[in-house]
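Colleague: Just passing along the structure, written as C-alpha cells.
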There are 4 protein chains.
Amino acid sequence: MMNQPLSPPHLSSVIPPGIHCALDYAVMAPQFIPGPVFEYIAGGSGQGGTAAANAAAFAGWAVYPRLLRDVAAGHTKVTLSGAELPHPLLLAPVALQKLVHPLGELETARAAEAAGSCMIGSTLSSFSLEEIARSAGPAKWFQLYLQPQRESTLDLVRRAEAAGYDAVVLTLDAVIQVASLRALRAGFRMPDDVVPANLKDYPRPGQRRPDAVQSRVFQGAMRDAPTWGDLEWLLSQTTLPVWIKGVLHPEDARALKARGVAGLVVSNHGGRGLDGAPASLDAIAAVRAAVGPDYPLLLDGGIRSGSDVFKALALGADAVLVGRLQVYALGVAGALGVAHMLKLLLEELEVCMALAGCATLADIHRSSLLRVSESPTPEGSP
Amino acid sequence: MMNQPLSPPHLSSVIPPGIHCALDYAVMAPQFIPGPVFEYIAGGSGQGGTAAANAAAFAGWAVYPRLLRDVAAGHTKVTLSGAELPHPLLLAPVALQKLVHPLGELETARAAEAAGSCMIGSTLSSFSLEEIARSAGPAKWFQLYLQPQRESTLDLVRRAEAAGYDAVVLTLDAVIQVASLRALRAGFRMPDDVVPANLKDYPRPGQRRPDAVQSRVFQGAMRDAPTWGDLEWLLSQTTLPVWIKGVLHPEDARALKARGVAGLVVSNHGGRGLDGAPASLDAIAAVRAAVGPDYPLLLDGGIRSGSDVFKALALGADAVLVGRLQVYALGVAGALGVAHMLKLLLEELEVCMALAGCATLADIHRSSLLRVSESPTPEGSP
Amino acid sequence: MMNQPLSPPHLSSVIPPGIHCALDYAVMAPQFIPGPVFEYIAGGSGQGGTAAANAAAFAGWAVYPRLLRDVAAGHTKVTLSGAELPHPLLLAPVALQKLVHPLGELETARAAEAAGSCMIGSTLSSFSLEEIARSAGPAKWFQLYLQPQRESTLDLVRRAEAAGYDAVVLTLDAVIQVASLRALRAGFRMPDDVVPANLKDYPRPGQRRPDAVQSRVFQGAMRDAPTWGDLEWLLSQTTLPVWIKGVLHPEDARALKARGVAGLVVSNHGGRGLDGAPASLDAIAAVRAAVGPDYPLLLDGGIRSGSDVFKALALGADAVLVGRLQVYALGVAGALGVAHMLKLLLEELEVCMALAGCATLADIHRSSLLRVSESPTPEGSP
Amino acid sequence: MMNQPLSPPHLSSVIPPGIHCALDYAVMAPQFIPGPVFEYIAGGSGQGGTAAANAAAFAGWAVYPRLLRDVAAGHTKVTLSGAELPHPLLLAPVALQKLVHPLGELETARAAEAAGSCMIGSTLSSFSLEEIARSAGPAKWFQLYLQPQRESTLDLVRRAEAAGYDAVVLTLDAVIQVASLRALRAGFRMPDDVVPANLKDYPRPGQRRPDAVQSRVFQGAMRDAPTWGDLEWLLSQTTLPVWIKGVLHPEDARALKARGVAGLVVSNHGGRGLDGAPASLDAIAAVRAAVGPDYPLLLDGGIRSGSDVFKALALGADAVLVGRLQVYALGVAGALGVAHMLKLLLEELEVCMALAGCATLADIHRSSLLRVSESPTPEGSP
C-alpha cells in the first residue's frame, strides 16, 4: 500500500479517476490517508479476526437471478422509526472524522443530505452534534455512549433532541476497546487536536484504580459499564426512539425487544470490540428469528458492495450501516466522495435487486440466496 | 500474462505447439489476444466472483471409474429440439467475435460445421446472421435479445427463420450488464469497427433519462426489460422452438416450462450478468429436480474440460455450451483452433465416459459422481 | 526442484544423509531423478487432480492416541491370499523401473526380500517376470494386464505360475491412460531402451483405426477393453488367487466379490487413470461397507507415511500398496533405498499403532480416527 | 525468522518494546532464542501436523458478545484439587528449560509465584524439583513420568510430597516421542549440560535390544510402557491427587475417571507425541461429555490468547495449561517475561469474559460460542 502524507489538507475535493465501484474507495484509500491512520481505521481490535470475518462472510452466499419480473416501478424506500428513507444505506457512527479530513463530520453530513442518507452522528465526533445537525439533511440519528455521570448523558440526549435528531442509537458493544495490533505496529497515535467535541464541557471523573488484588477489567473498566438498569433509566428520559447497536446473540435481541427499544443494530463494532466475535452476517439470521419478522433490524459490519447489502437484507436486515467505506470515501474525496460512494453502492444494490427480480426491499427474501456450500444434491449416493 | 498486439491480423491459422488439452487454449490465449481484450473476455462482471465460481464448482465433484463395462458401441449422440447432434458440445452465443479474429463468427461457424457442433449465433454478432448461417453447418440456433421495438425483434426472428436456424434461444439474464473491473482496469474499450451487424438497420430509441428522483436502474434500464407478457408474445410469433437462456432458480424453471418453452439453459451469462449469482453447476441439480427428468436442459458456464462436461450431465444437463474456450481458441488459431478445441473436449468427454463405464450420455447419472466433501463414513464415531 | 542427470548409472547405492522419514524419499527424489522423468513419475494423468487428492485425503482424518494399553506383544502381521506377511506394506506394481535405476525391478525385488515385503511385479516391467522372481523373496504377486490376444495373456499367467508367483493382480482401471500435463510440459519421452521385457515375444496387433465417423475412444481404445466375460475366462484358467486392482465404486466391489475374485485393491492407478476420480481413501469406506468386514481389501494411492497406512486400515483396508515412494527410493538409493523406505514406513506405522493402543492390525478400527471436520459439539446452539 | 546466538546469557531480563499481547512473545521469540533451539521448541513431532492443528482449531469458533450484564464483581478464580487459584492459567510441564534461559525453571517458578499461577514442574526439569519448589509459589504440581524401575518412580513421588507439591500429573501420551523434522533439519541437538536434574541418581537400565525378528517399537520402546496396572500401583502409593495428562479419546477419559484419578488434562503433548493426533480443542467436548459436568478437566495445546482460553472453557475445560508461550516468554525476558505473558493472557481472558457477559468462569458455556461454519439459516431453501 502506498501511503502519502496528508499535506496540505485538501479542502476542495475531486473524485479521482479509477473509482468504478463503492469498493474502489477502499482500494484507493491508502493513497489518500496517511499510513498509520489507515492502519488504525482498517484494523480491527487485537488480531483483527472479526474485522476480516465481517467482510468474508458475504462470500458464503450467492444471489439468485430471477427472470421476467416487472420491476419498472421499483424503488429502495424503507421506513425506519416512522420516517421514510429513500434507501437503506445509513452512515454508521464513526468517531473523530477529522482524522481523515479537516472538515470531518461536516463533510459527511453534507454527503448524507446530498445522497438522501440517514447519518448517525457519533458521541465522539470531532465536531459538535449541533454543528453536524446544521450540515446534515432531514434524516439524522444520534449515537450515544453512556457517560460516567448521568447528568452528562442526559445533557447529550437533550442536546440531540434540541438539535433535531430523530433517534438515539445506544452503543453497547464497545465497553472495552482493545487496541488494534495493526495500528500499534504502524505507530499510530491520535493527534492532539482530534478530540471529541461533544464532551469537552463534561467533567471527566478521575480513573478509579482498582486495588492491587482487583482486576483492571472487572473492577476497573467494567465497574461503570452500562447495565439493564441504565437502559431502563435512559428509556424513561426521552421520547425519541432508542435503538441498540451491538447485538449479536439472539437472547440479547429478545430481551432488548421486550424492554421496548425501538430497534436493533446487529454489529460487532466493525470488529473493533471483541476480537473473535462472530461476523455480523453470520449472526443476523438467528437474531431475526428471535425478534420476529416485523421488528426493526439493521446490520452493521462488512458492507462493501450492493450485493452485500442485498444479502444482509435477505438474511433479515431492514437496512444497513456503512462504516469503513464512509471513512475511506471521506479521506479520498471529502463530502463528494462520501456522496459518490453512496450513489455507487445504491446503484449496485438496485442492479442486484433488478436482476434478482425484486422491485422493493420487501421482495428480498431468504429464498433469494443460495448458501454456497449448499449445492443441492437431490439424488441418492454414492 | 504475456500480451502481444494482434498485428497483422492472422488470416491463416496454425495450431501452436503445446496445446495438449482443451484447457490449454485458455492457457495460450494471453499470448494471442491483446491484453485489454483478453481481460474483457476473461473477466466477469464486477469483481468477477461468479465467473470464478463457475469454473471452481466442478472441483467439488469426483467421477467414479467403473469396471468391465462394454462401451465398444459407445457414442455421444444427443437429440435436442428434434435434431440429433453427434455430441453435446454446443458453441455458446458470444457477441462481437471480431474482437479476437478478423473473420470472427464466420470462422466459428466453419469450426462448428467441421466439428459437428451446433453453433448458437448471437444477436450481437459482428457478422450478420445470414452470413453466419451460410458458413455454419446443419445445426445452428439463433440467440435472441428482445429489442426495444417489437418490430425489430420480429424482424430478427423472421430473418433467423429464413436463414435456416433451427431454434431461438432467448437470453434473459443480462438485462443489465455490469462492467468487468478487470476490463476497466486494463483500459479496455470496444473498437469502433466492432459493432453488432444484425442491428444496424433498426432504429435505436434515444435513451430515456429517468427523472432526477427516479432510479437509473428501475425506471431506466429496467423500464423495457422483458416480462412474462413479452415471452408470451414471442412464443405466439414463431413456430421455431424457443429456449430460454439464463435460468438458475428452480421456480423460474418450473414457470418457464409451464409456459411451453422448448428447453432451458442454466446459465449466469458466464459470470457477466449478476456478479454474485450462483455457479451454474451449483444450480443445475435443483433446476433438474424442478422440471423433471425428461425436459431439455443445457448448462452454460465454467466448462473447461471433458470431465466438466461429464459432471454437468451427471447433475442434470442434456448438453453444455462452451463460451470462453470458444473465444480463446478462435483468438489462438481461428476456425482450426475452435474445431481443434472441440475435438479435444469431445475426446476428453469420451475418455471420461469410457472410464466411468458410460457408453452413452443416458448412462451418465448422479451415481457416477462423488461429492468431494461427501467421503462416506459408515461406521460410528468417535 | 533440482534435477541432475543420472550419469553415470550408480550401481552401488548409498542412503544420502537427511532422510529422516519415508516421505523424505519424495523430498530427495528430484536431486536424484532427471527432471522430465521425475515429472513423469510424480504427475498424474491430465491436470493431476486425482494424484493430488490421493495424498491430500489423509489430512482429513486424525488418529486418536489411546492410553495404558499393553502392546508389548504387538506385531504387524497380516494374512493375504493364505500367506502370512510380516507387515501390510506391499510394493505396488510399477512399470518400467529402469527409468530410475539401471537394475530397475531387480533392485526392487531384492529390497522386497530384505524388507519382508510382498512385491507385485508389473506386466510392463523392464526386466522379465522370471528375472524378477529370482531376485524377489518368498512373497511375490504378478500384476496382469489382459493382452490383445488371449494366448498372450494365458502365456503370461502360465509363466507367472511357473515362476512361483502367489497371486495374479488384474489391473482394470487403466484401459486408457491420459498423458500427464506435467510430463508433457517437461518434455518427457520414454527412452528407447526402456521397454516391457515380458511382452517382447508376443505379437502386437496392428492398431485398428476406427472409421472416420467412429470414435477413437469407444471404437478404438475401448474396442478390446476387458469385459466381465474376459474376467470369467481368466478365473477359469488359473488356480492362483485373482485380485482386481482399480476398484472405487461400491457396486463394482460387490459384483467382483460375487464373481469369486480373491480380493480387491481400491485404487485409481495413482491418479494416472481417470483424472477426476475420487481419492482412494475417500472411496474405501463405502467399498468396505459393500463387501463386508472379512473380504480382502487393499488400498493403493497416496501413502506417504505410517499414519497414512494406519488411516487406510482404520477405514477398511487390510494392507496397502506403496507406489511413488517405492520409485523415489529406488531412484535415490537403489535396493537399499527401497528397503530403507519400507523400514521407515513400517516403524512409523508401529509407532502410530503403539500410541493408538493397537497391538495388532485387527485392533485398528474406525473409532481410532476423528474426522477433522467432525469436531463434536454436543451441547445446543447458538 | 531472525535468529541470534544467546550470548552472553542475559541474567537480568527486560521486556522488549513491541510486546502488545501474549502472542507477541511467540512473534518475538526467534530474535531471542537460537535458531535450532527455536525450531526444536516450535516444531511438533514428525511433520508437525498436530502442533499446527492445536493452534488452528481455535479459529473455528467465535465468541458471542453479551450486553448489559453486570460483571463488576467478576473474577477468574477456580478451584482445582481443593485449592483455589486466582485464575485458570497453569504453566504446563516443559522439560529442560535451561535450553532457553540459564536459570531455566527457577525463573519460571518465580514468575508463577508472581503471577499467581500454578506451575507444573516436569520430571525432566533441568533443575531439581526441590530447587524449583523453593522458588515457586504456593501452587505447584509435579509432573511424573513413570521410571524404568518402580523404586525410582516412588522416590520421585516421595520427593515431590516432601517438597510440598500439591498434586501429581502423570503424563501418558509421550511413551514414544518422534523427532521433529523441523528440529532435525535445523540441526538441533541437546547441549551436553542440559540434563534432567531429578534423575541423575537413578540407575538407567541398559537399553534392551529386541531380537532381530522383533520390533524396536513393540518389543523395544513399548516393552515397559505404563499399563493400567502401573496406574493402579501409583494410585496406591500416594495420597496426593493424581491427574492424568494426555487424554483425547472419551473412552479413555471414562475409564480413567472410573479408576479414581483426580482429573484429566486433554492434551496431545503439544503436538510432540503422535503426529496426526486430533487438536486438543477438537477433542475436549467429547471428553467433557464422557466424564460429566463436574469432573476436573484441563486443556493443554494451542493456547495463544485470552479468547483461546475462553473457548477452551466454553467447550468443557476448567482451566488450561500454557506451554510454548511459557518457553518463548522465558527465552525473551526470563521470569519477568513469563509473569508478563501470564498477565497479558489473563487480561485478555478478562476482557473476553467481560464482553461476553461472563462474570465468573462458571458463566462460560457452550452457548457463548458460535461454530464458525454453523451460520444459522433458519428459513427454507433454495
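Residues are named by chain letter and number: chains run A, B, ... in the order of the C-alpha cells, numbers start at 1 in each chain, and ligands are numbered from 1 in the order shown.
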Would you mind listing, as a short mmCIF file (atom, residue, chain, number, x, y, z; two decimals) with C-alpha atoms, in the first residue's frame, all residues of chain A that have at least one atom within 10 Å of chain C, where only C-alpha atoms are what counts?

Modeller:
data_model
loop_
_atom_site.label_atom_id
_atom_site.label_comp_id
_atom_site.auth_asym_id
_atom_site.auth_seq_id
_atom_site.Cartn_x
_atom_site.Cartn_y
_atom_site.Cartn_z
CA HIS A 249 -26.79 -13.02 20.41
CA PRO A 250 -30.46 -13.87 19.84
CA GLU A 251 -31.21 -13.92 23.57
CA ALA A 283 -25.35 -13.66 13.40
CA ALA A 286 -30.73 -16.04 14.32
CA PRO A 382 -22.86 -42.78 -3.96
#

Colleague: Per DSSP on the backbone, what are the alpha helix (DSSP H) residues of segment 91-150 of chain B, as a JSON list (two decimals) with C-alpha atoms, in the first residue's frame?

Modeller:
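Below is the file that was written, out03.json:
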[["chain", "number", "residue", "atom", "x", "y", "z"],
["B", 104, "GLY", "CA", -14.97, -13.58, -36.21],
["B", 105, "GLU", "CA", -18.16, -15.64, -36.26],
["B", 106, "LEU", "CA", -17.53, -16.84, -39.80],
["B", 107, "GLU", "CA", -14.54, -18.78, -38.55],
["B", 108, "THR", "CA", -16.50, -20.07, -35.60],
["B", 109, "ALA", "CA", -19.28, -21.21, -37.91],
["B", 110, "ARG", "CA", -16.84, -23.11, -40.10],
["B", 111, "ALA", "CA", -15.43, -24.77, -36.99],
["B", 112, "ALA", "CA", -18.92, -25.71, -35.85],
["B", 113, "GLU", "CA", -19.59, -27.43, -39.13],
["B", 114, "ALA", "CA", -16.25, -29.21, -39.11],
["B", 115, "ALA", "CA", -16.69, -30.41, -35.56],
["B", 129, "LEU", "CA", -26.89, -13.87, -39.01],
["B", 130, "GLU", "CA", -27.30, -14.59, -42.73],
["B", 131, "GLU", "CA", -23.54, -14.59, -43.32],
["B", 132, "ILE", "CA", -23.03, -16.83, -40.31],
["B", 133, "ALA", "CA", -25.75, -19.22, -41.48],
["B", 134, "ARG", "CA", -24.00, -19.61, -44.82],
["B", 135, "SER", "CA", -20.77, -20.67, -43.10],
["B", 150, "ARG", "CA", -41.20, -5.40, -31.20]]

Colleague: Write out as a ChimeraX atom specification each polymer residue whose atoms come within 12 Å of segment 339-343 of chain D, counting only C-alpha atoms; drop sequence neighbours fewer than 5 positions from it.

Modeller: /A:215-217 /D:13-16,19-26,86-91,107-119,303-306,309,320-334,348-350

Colleague: From the options B:Trp233, B:Tyr64, B:Phe188, B:Phe127, which residue's atoms come nearest to Gly273 of chain C, counting only C-alpha atoms?

Modeller: B:Tyr64
